[in-house]
file model-v8.tsv (TSV, C-alpha atoms)
chain	number	residue	atom	x	y	z
A	498	MET	CA	7.48	23.27	12.32
A	499	ALA	CA	6.40	26.69	13.58
A	500	GLU	CA	4.40	28.77	11.13
A	501	ALA	CA	3.57	32.45	11.65
A	502	LYS	CA	-0.01	32.07	10.42
A	503	PRO	CA	-2.27	29.18	11.53
A	504	GLN	CA	-3.32	26.98	8.63
A	505	SER	CA	-6.96	26.86	7.51
A	506	PHE	CA	-9.04	25.99	4.46
A	507	ALA	CA	-8.47	29.50	3.12
A	508	ASN	CA	-4.66	29.31	3.23
A	509	HIS	CA	-3.71	25.59	3.19
A	510	ALA	CA	-2.65	25.49	-0.47
A	511	LYS	CA	1.11	25.74	-0.74
A	512	LEU	CA	3.32	27.25	-3.39
A	513	ASP	CA	6.93	26.22	-3.63
A	514	PRO	CA	8.66	29.49	-4.69
A	515	PRO	CA	11.79	27.88	-6.21
A	516	PHE	CA	9.60	25.62	-8.35
A	517	HIS	CA	6.59	27.85	-9.10
A	518	PHE	CA	8.40	31.18	-9.50
A	519	VAL	CA	11.85	30.20	-10.79
A	520	LEU	CA	12.13	26.71	-12.31
A	521	ALA	CA	8.76	26.51	-14.09
A	522	PRO	CA	8.86	30.03	-15.60
A	523	MET	CA	12.49	29.64	-16.66
A	524	GLY	CA	11.67	26.31	-18.28
A	525	LEU	CA	8.80	27.84	-20.21
A	526	VAL	CA	11.00	30.74	-21.30
A	527	ALA	CA	13.64	28.25	-22.47
A	528	ILE	CA	11.05	26.38	-24.55
A	529	VAL	CA	9.70	29.60	-26.11
A	530	LEU	CA	13.17	30.95	-26.88
A	531	SER	CA	14.32	27.65	-28.36
A	532	ILE	CA	11.23	27.57	-30.62
A	533	ILE	CA	11.89	31.16	-31.72
A	534	LEU	CA	15.49	30.20	-32.51
A	535	LEU	CA	14.26	27.16	-34.46
A	536	VAL	CA	11.96	29.36	-36.57
A	537	ARG	CA	14.63	32.01	-37.19
A	538	GLN	CA	17.56	29.65	-37.70
A	539	PRO	CA	16.33	26.19	-38.63
A	540	GLY	CA	18.87	23.46	-38.18
A	541	ILE	CA	19.87	20.46	-36.14
A	542	GLY	CA	21.24	22.66	-33.33
A	543	SER	CA	17.99	24.57	-32.89
A	544	VAL	CA	15.94	21.35	-33.06
A	545	LEU	CA	18.18	19.92	-30.35
A	546	GLY	CA	17.61	23.09	-28.29
A	547	VAL	CA	13.83	22.63	-28.43
A	548	VAL	CA	14.10	18.94	-27.56
A	549	LEU	CA	16.45	19.57	-24.64
A	550	SER	CA	14.39	22.43	-23.21
A	551	VAL	CA	11.23	20.30	-23.37
A	552	VAL	CA	13.05	17.36	-21.75
A	553	VAL	CA	14.31	19.56	-18.90
A	554	VAL	CA	10.82	20.95	-18.21
A	555	MET	CA	9.26	17.49	-18.40
A	556	THR	CA	11.87	16.14	-15.99
A	557	ALA	CA	11.18	18.91	-13.46
A	558	LEU	CA	7.42	18.40	-13.71
A	559	ARG	CA	7.64	14.63	-13.40
A	560	ALA	CA	9.94	14.88	-10.38
A	561	ARG	CA	7.37	17.09	-8.66
A	562	VAL	CA	4.46	14.81	-9.58
A	563	TYR	CA	6.34	11.74	-8.34
A	564	ALA	CA	7.05	13.41	-4.99
A	565	LEU	CA	3.40	14.39	-4.61
A	566	LYS	CA	2.21	10.88	-5.48
A	567	VAL	CA	4.50	9.30	-2.90
A	568	GLN	CA	3.30	11.80	-0.33
A	569	ASP	CA	-0.34	11.03	-1.20
A	570	ARG	CA	0.33	7.32	-0.67
A	571	VAL	CA	1.81	8.01	2.76
A	572	ILE	CA	-1.13	10.26	3.67
A	573	ARG	CA	-3.60	7.54	2.60
A	574	LEU	CA	-1.83	5.01	4.80
A	575	GLU	CA	-1.69	7.39	7.77
A	576	GLU	CA	-5.37	8.27	7.45
A	577	ARG	CA	-6.46	4.65	7.14
A	578	MET	CA	-4.54	3.86	10.34
A	579	ARG	CA	-6.01	6.92	12.08
A	580	LEU	CA	-9.52	6.00	10.98
A	581	ALA	CA	-9.02	2.41	12.19
A	582	MET	CA	-8.21	3.80	15.64
A	583	LEU	CA	-11.00	6.40	15.78
A	584	LEU	CA	-14.00	4.92	13.97
A	585	PRO	CA	-16.53	2.67	15.68
A	586	GLU	CA	-16.53	-0.98	14.55
A	587	ALA	CA	-19.35	-0.43	12.03
A	588	GLY	CA	-17.38	2.35	10.35
A	589	LYS	CA	-14.06	0.50	10.21
A	590	ALA	CA	-15.39	-1.94	7.62
A	591	ARG	CA	-16.17	1.00	5.31
A	592	ILE	CA	-12.68	2.56	5.33
A	593	PRO	CA	-11.76	0.96	1.96
A	594	GLU	CA	-14.74	2.76	0.36
A	595	LEU	CA	-13.12	6.17	0.89
A	596	THR	CA	-11.53	7.60	-2.24
A	597	GLU	CA	-7.95	8.85	-2.41
A	598	GLY	CA	-9.19	12.46	-2.48
A	599	GLN	CA	-11.45	11.92	0.53
A	600	LEU	CA	-8.66	10.34	2.58
A	601	ILE	CA	-6.25	13.13	1.69
A	602	ALA	CA	-8.82	15.80	2.62
A	603	LEU	CA	-9.72	14.07	5.89
A	604	ARG	CA	-6.15	14.51	7.16
A	605	PHE	CA	-7.04	18.11	8.05
A	606	ALA	CA	-9.89	17.07	10.39
A	607	SER	CA	-9.20	16.94	14.12
A	608	ASP	CA	-9.49	13.60	15.89
A	609	GLY	CA	-12.73	14.74	17.50
A	610	GLU	CA	-14.54	15.46	14.26
A	611	LEU	CA	-12.89	12.85	12.02
A	612	PRO	CA	-15.28	9.92	12.68
A	613	ALA	CA	-18.45	11.90	11.93
A	614	LEU	CA	-16.90	13.63	8.92
A	615	ALA	CA	-15.59	10.35	7.50
A	616	MET	CA	-19.04	8.78	7.77
A	617	ARG	CA	-20.58	11.85	6.12
A	618	ALA	CA	-18.02	11.58	3.31
A	619	LEU	CA	-18.96	7.93	2.81
A	620	ASN	CA	-22.74	8.40	3.06
A	621	GLU	CA	-23.01	11.64	1.09
A	622	GLY	CA	-20.11	11.14	-1.33
A	623	LEU	CA	-18.46	14.41	-0.30
A	624	THR	CA	-15.71	15.77	-2.53
A	625	LYS	CA	-12.33	16.73	-1.09
A	626	LYS	CA	-13.32	20.41	-1.27
A	627	GLN	CA	-16.60	19.75	0.56
A	628	ILE	CA	-14.74	17.79	3.23
A	629	LYS	CA	-12.21	20.59	3.75
A	630	GLU	CA	-14.99	23.20	3.91
A	631	SER	CA	-16.81	21.12	6.55
A	632	ILE	CA	-13.87	20.96	8.94
A	633	GLN	CA	-14.38	23.03	12.09
A	634	ASN	CA	-11.10	22.31	13.91
A	635	TRP	CA	-8.35	22.40	11.30
A	636	ARG	CA	-5.43	20.01	11.82
A	637	ALA	CA	-2.57	21.70	10.00
A	638	ASP	CA	-0.23	19.92	7.59
A	639	TYR	CA	2.87	22.09	7.18
A	640	PHE	CA	4.97	19.34	5.61
A	641	ARG	CA	3.19	19.04	2.25
A	642	VAL	CA	5.59	19.08	-0.70

call {"tool": "encode", "arguments": {"input": "model-v8.tsv", "output": "structure tokens"}}
result
Amino acid sequence: MAEAKPQSFANHAKLDPPFHFVLAPMGLVAIVLSIILLVRQPGIGSVLGVVLSVVVVMTALRARVYALKVQDRVIRLEERMRLAMLLPEAGKARIPELTEGQLIALRFASDGELPALAMRALNEGLTKKQIKESIQNWRADYFRV
């Protein structure tokens, strides 16, 4: 996928405009308006409006979280396989020690710097932010949900 701007630590976070700028704000507006209606005109219809608006927002949020969790599982698997190919024998035995956050952050490291950075993450307990900040040759991930 061709991107106009190369990805880096500074710009790798991704917003999904339909979700972040349309669906989420509209859902919050629906909840607020349904609560206002409930206060002004109490009744079963306005209670149902609050319940339905909350259910719709919760459904949208859960769908997004589920997609991200599945993607994180795939990333963890990919990075474990990549580490198994690139780490020396002594390091391969330590792959299970890496946390989910560390594995997900390591996906941005180039093949050349991955072994040393993975060992640093294990030995120093680097956080995902510290790992991303340490990467010199950024390996872009344009397919993140």

call {"tool": "residues_around", "arguments": {"input": "model-v8.tsv", "residues": "range 552-561 of chain A", "least_positions_apart": "2", "cutoff": "12 Å", "atoms": "only C-alpha atoms", "output": "PDB file with C-alpha atoms, in the frame of the given file"}}
result
ATOM      1  CA  ASP A 513       6.930  26.220  -3.630  1.00  0.00           C
ATOM      2  CA  PRO A 515      11.790  27.880  -6.210  1.00  0.00           C
ATOM      3  CA  PHE A 516       9.600  25.620  -8.350  1.00  0.00           C
ATOM      4  CA  HIS A 517       6.590  27.850  -9.100  1.00  0.00           C
ATOM      5  CA  VAL A 519      11.850  30.200 -10.790  1.00  0.00           C
ATOM      6  CA  LEU A 520      12.130  26.710 -12.310  1.00  0.00           C
ATOM      7  CA  ALA A 521       8.760  26.510 -14.090  1.00  0.00           C
ATOM      8  CA  PRO A 522       8.860  30.030 -15.600  1.00  0.00           C
ATOM      9  CA  MET A 523      12.490  29.640 -16.660  1.00  0.00           C
ATOM     10  CA  GLY A 524      11.670  26.310 -18.280  1.00  0.00           C
ATOM     11  CA  LEU A 525       8.800  27.840 -20.210  1.00  0.00           C
ATOM     12  CA  VAL A 526      11.000  30.740 -21.300  1.00  0.00           C
ATOM     13  CA  ALA A 527      13.640  28.250 -22.470  1.00  0.00           C
ATOM     14  CA  ILE A 528      11.050  26.380 -24.550  1.00  0.00           C
ATOM     15  CA  VAL A 529       9.700  29.600 -26.110  1.00  0.00           C
ATOM     16  CA  LEU A 545      18.180  19.920 -30.350  1.00  0.00           C
ATOM     17  CA  GLY A 546      17.610  23.090 -28.290  1.00  0.00           C
ATOM     18  CA  VAL A 547      13.830  22.630 -28.430  1.00  0.00           C
ATOM     19  CA  VAL A 548      14.100  18.940 -27.560  1.00  0.00           C
ATOM     20  CA  LEU A 549      16.450  19.570 -24.640  1.00  0.00           C
ATOM     21  CA  SER A 550      14.390  22.430 -23.210  1.00  0.00           C
ATOM     22  CA  TYR A 563       6.340  11.740  -8.340  1.00  0.00           C
ATOM     23  CA  ALA A 564       7.050  13.410  -4.990  1.00  0.00           C
ATOM     24  CA  LEU A 565       3.400  14.390  -4.610  1.00  0.00           C
ATOM     25  CA  LYS A 566       2.210  10.880  -5.480  1.00  0.00           C
ATOM     26  CA  VAL A 567       4.500   9.300  -2.900  1.00  0.00           C
ATOM     27  CA  GLN A 568       3.300  11.800  -0.330  1.00  0.00           C
ATOM     28  CA  ARG A 641       3.190  19.040   2.250  1.00  0.00           C
ATOM     29  CA  VAL A 642       5.590  19.080  -0.700  1.00  0.00           C
TER      30      VAL A 642
END

call {"tool": "residues_around", "arguments": {"input": "model-v8.tsv", "residues": "Arg573 in chain A", "least_positions_apart": "6", "cutoff": "7 Å", "atoms": "all atoms listed in the file", "output": "count of residues only"}}
result
3

call {"tool": "atom_distance", "arguments": {"input": "model-v8.tsv", "atom1": "CA of Leu584 in chain A", "atom2": "CA of Pro612 in chain A"}}
result
5.3 Å

call {"tool": "closest_residue", "arguments": {"input": "model-v8.tsv", "among": "A:Ser607, A:Ser531, A:Asn634, A:Thr596", "to": "Gly622 in chain A", "atoms": "all atoms listed in the file"}}
result
A:Thr596

call {"tool": "residues_around", "arguments": {"input": "model-v8.tsv", "residues": "Gln599 in chain A", "least_positions_apart": "4", "cutoff": "8 Å", "atoms": "only C-alpha atoms", "output": "list in words"}}
result
Leu595, Leu603, Ala618, Leu623, Thr624, Lys625 and Ile628 of chain A

call {"tool": "write_last_selection", "arguments": {"input": "model-v8.tsv", "atoms": "C-alpha atoms", "output": "tab-separated table (two decimals), in the coordinates of the input"}}
result
chain	number	residue	atom	x	y	z
A	595	LEU	CA	-13.12	6.17	0.89
A	603	LEU	CA	-9.72	14.07	5.89
A	618	ALA	CA	-18.02	11.58	3.31
A	623	LEU	CA	-18.46	14.41	-0.30
A	624	THR	CA	-15.71	15.77	-2.53
A	625	LYS	CA	-12.33	16.73	-1.09
A	628	ILE	CA	-14.74	17.79	3.23

call {"tool": "decode", "arguments": {"input": "model-v8.tsv", "residues": "range 536-627 of chain A", "atoms": "C-alpha atoms", "output": "PDB file, in the first residue's frame"}}
result
ATOM      1  CA  VAL A 536     -35.025  14.152  31.940  1.00  0.00           C
ATOM      2  CA  ARG A 537     -37.495  16.385  30.073  1.00  0.00           C
ATOM      3  CA  GLN A 538     -40.039  13.698  29.218  1.00  0.00           C
ATOM      4  CA  PRO A 539     -39.663  10.719  31.542  1.00  0.00           C
ATOM      5  CA  GLY A 540     -41.283   7.566  30.316  1.00  0.00           C
ATOM      6  CA  ILE A 541     -40.692   4.122  28.930  1.00  0.00           C
ATOM      7  CA  GLY A 542     -39.955   5.499  25.448  1.00  0.00           C
ATOM      8  CA  SER A 543     -37.205   7.819  26.659  1.00  0.00           C
ATOM      9  CA  VAL A 544     -35.713   5.080  28.868  1.00  0.00           C
ATOM     10  CA  LEU A 545     -35.666   2.815  25.827  1.00  0.00           C
ATOM     11  CA  GLY A 546     -33.934   5.600  23.852  1.00  0.00           C
ATOM     12  CA  VAL A 547     -31.134   5.818  26.432  1.00  0.00           C
ATOM     13  CA  VAL A 548     -30.738   2.042  26.543  1.00  0.00           C
ATOM     14  CA  LEU A 549     -30.654   1.716  22.752  1.00  0.00           C
ATOM     15  CA  SER A 550     -28.187   4.568  22.258  1.00  0.00           C
ATOM     16  CA  VAL A 551     -25.857   3.069  24.884  1.00  0.00           C
ATOM     17  CA  VAL A 552     -26.166  -0.380  23.277  1.00  0.00           C
ATOM     18  CA  VAL A 553     -25.319   1.012  19.831  1.00  0.00           C
ATOM     19  CA  VAL A 554     -22.224   2.821  21.143  1.00  0.00           C
ATOM     20  CA  MET A 555     -21.110  -0.234  23.121  1.00  0.00           C
ATOM     21  CA  THR A 556     -21.540  -2.427  20.042  1.00  0.00           C
ATOM     22  CA  ALA A 557     -19.414  -0.097  17.908  1.00  0.00           C
ATOM     23  CA  LEU A 558     -16.695   0.094  20.563  1.00  0.00           C
ATOM     24  CA  ARG A 559     -16.622  -3.645  21.142  1.00  0.00           C
ATOM     25  CA  ALA A 560     -16.430  -4.356  17.410  1.00  0.00           C
ATOM     26  CA  ARG A 561     -13.386  -2.096  17.172  1.00  0.00           C
ATOM     27  CA  VAL A 562     -11.730  -3.637  20.238  1.00  0.00           C
ATOM     28  CA  TYR A 563     -12.332  -7.160  18.924  1.00  0.00           C
ATOM     29  CA  ALA A 564     -10.737  -6.283  15.575  1.00  0.00           C
ATOM     30  CA  LEU A 565      -7.707  -4.781  17.324  1.00  0.00           C
ATOM     31  CA  LYS A 566      -7.320  -7.819  19.583  1.00  0.00           C
ATOM     32  CA  VAL A 567      -7.388 -10.213  16.636  1.00  0.00           C
ATOM     33  CA  GLN A 568      -4.848  -8.061  14.854  1.00  0.00           C
ATOM     34  CA  ASP A 569      -2.615  -8.028  17.952  1.00  0.00           C
ATOM     35  CA  ARG A 570      -2.740 -11.836  18.075  1.00  0.00           C
ATOM     36  CA  VAL A 571      -1.667 -12.046  14.438  1.00  0.00           C
ATOM     37  CA  ILE A 572       1.140  -9.543  15.036  1.00  0.00           C
ATOM     38  CA  ARG A 573       2.365 -11.552  18.047  1.00  0.00           C
ATOM     39  CA  LEU A 574       2.462 -14.710  15.943  1.00  0.00           C
ATOM     40  CA  GLU A 575       4.239 -12.977  13.058  1.00  0.00           C
ATOM     41  CA  GLU A 576       6.840 -11.445  15.361  1.00  0.00           C
ATOM     42  CA  ARG A 577       7.514 -14.708  17.178  1.00  0.00           C
ATOM     43  CA  MET A 578       8.119 -16.389  13.809  1.00  0.00           C
ATOM     44  CA  ARG A 579      10.323 -13.497  12.668  1.00  0.00           C
ATOM     45  CA  LEU A 580      12.316 -13.593  15.902  1.00  0.00           C
ATOM     46  CA  ALA A 581      12.747 -17.375  15.584  1.00  0.00           C
ATOM     47  CA  MET A 582      14.338 -16.798  12.176  1.00  0.00           C
ATOM     48  CA  LEU A 583      16.533 -13.839  13.155  1.00  0.00           C
ATOM     49  CA  LEU A 584      17.676 -14.426  16.745  1.00  0.00           C
ATOM     50  CA  PRO A 585      20.733 -16.492  17.607  1.00  0.00           C
ATOM     51  CA  GLU A 586      20.050 -19.818  19.360  1.00  0.00           C
ATOM     52  CA  ALA A 587      20.571 -18.347  22.844  1.00  0.00           C
ATOM     53  CA  GLY A 588      17.951 -15.670  22.177  1.00  0.00           C
ATOM     54  CA  LYS A 589      15.342 -18.002  20.674  1.00  0.00           C
ATOM     55  CA  ALA A 590      14.718 -19.656  24.035  1.00  0.00           C
ATOM     56  CA  ARG A 591      13.790 -16.253  25.500  1.00  0.00           C
ATOM     57  CA  ILE A 592      11.113 -15.337  22.917  1.00  0.00           C
ATOM     58  CA  PRO A 593       8.258 -16.427  25.247  1.00  0.00           C
ATOM     59  CA  GLU A 594       9.487 -13.884  27.834  1.00  0.00           C
ATOM     60  CA  LEU A 595       8.552 -10.953  25.585  1.00  0.00           C
ATOM     61  CA  THR A 596       5.297  -9.264  26.553  1.00  0.00           C
ATOM     62  CA  GLU A 597       2.449  -8.627  24.137  1.00  0.00           C
ATOM     63  CA  GLY A 598       3.301  -4.911  24.058  1.00  0.00           C
ATOM     64  CA  GLN A 599       6.978  -5.601  23.369  1.00  0.00           C
ATOM     65  CA  LEU A 600       6.182  -7.980  20.505  1.00  0.00           C
ATOM     66  CA  ILE A 601       3.745  -5.525  18.966  1.00  0.00           C
ATOM     67  CA  ALA A 602       6.275  -2.677  19.209  1.00  0.00           C
ATOM     68  CA  LEU A 603       9.095  -4.804  17.777  1.00  0.00           C
ATOM     69  CA  ARG A 604       7.177  -5.218  14.506  1.00  0.00           C
ATOM     70  CA  PHE A 605       8.399  -1.749  13.498  1.00  0.00           C
ATOM     71  CA  ALA A 606      12.094  -2.700  13.794  1.00  0.00           C
ATOM     72  CA  SER A 607      13.968  -3.630  10.631  1.00  0.00           C
ATOM     73  CA  ASP A 608      15.368  -7.147  10.336  1.00  0.00           C
ATOM     74  CA  GLY A 609      18.872  -5.783  10.870  1.00  0.00           C
ATOM     75  CA  GLU A 610      18.160  -4.188  14.225  1.00  0.00           C
ATOM     76  CA  LEU A 611      15.482  -6.583  15.508  1.00  0.00           C
ATOM     77  CA  PRO A 612      17.767  -9.129  17.243  1.00  0.00           C
ATOM     78  CA  ALA A 613      19.689  -6.540  19.274  1.00  0.00           C
ATOM     79  CA  LEU A 614      16.540  -4.571  20.111  1.00  0.00           C
ATOM     80  CA  ALA A 615      14.657  -7.709  21.170  1.00  0.00           C
ATOM     81  CA  MET A 616      17.490  -8.688  23.506  1.00  0.00           C
ATOM     82  CA  ARG A 617      17.559  -5.154  24.921  1.00  0.00           C
ATOM     83  CA  ALA A 618      13.803  -5.328  25.478  1.00  0.00           C
ATOM     84  CA  LEU A 619      14.238  -8.613  27.347  1.00  0.00           C
ATOM     85  CA  ASN A 620      17.281  -7.568  29.398  1.00  0.00           C
ATOM     86  CA  GLU A 621      16.180  -4.018  30.222  1.00  0.00           C
ATOM     87  CA  GLY A 622      12.412  -4.545  30.330  1.00  0.00           C
ATOM     88  CA  LEU A 623      11.780  -1.848  27.723  1.00  0.00           C
ATOM     89  CA  THR A 624       8.223  -0.592  27.322  1.00  0.00           C
ATOM     90  CA  LYS A 625       6.555  -0.501  23.916  1.00  0.00           C
ATOM     91  CA  LYS A 626       7.159   3.261  23.740  1.00  0.00           C
ATOM     92  CA  GLN A 627      10.851   2.841  24.590  1.00  0.00           C
TER      93      GLN A 627
END
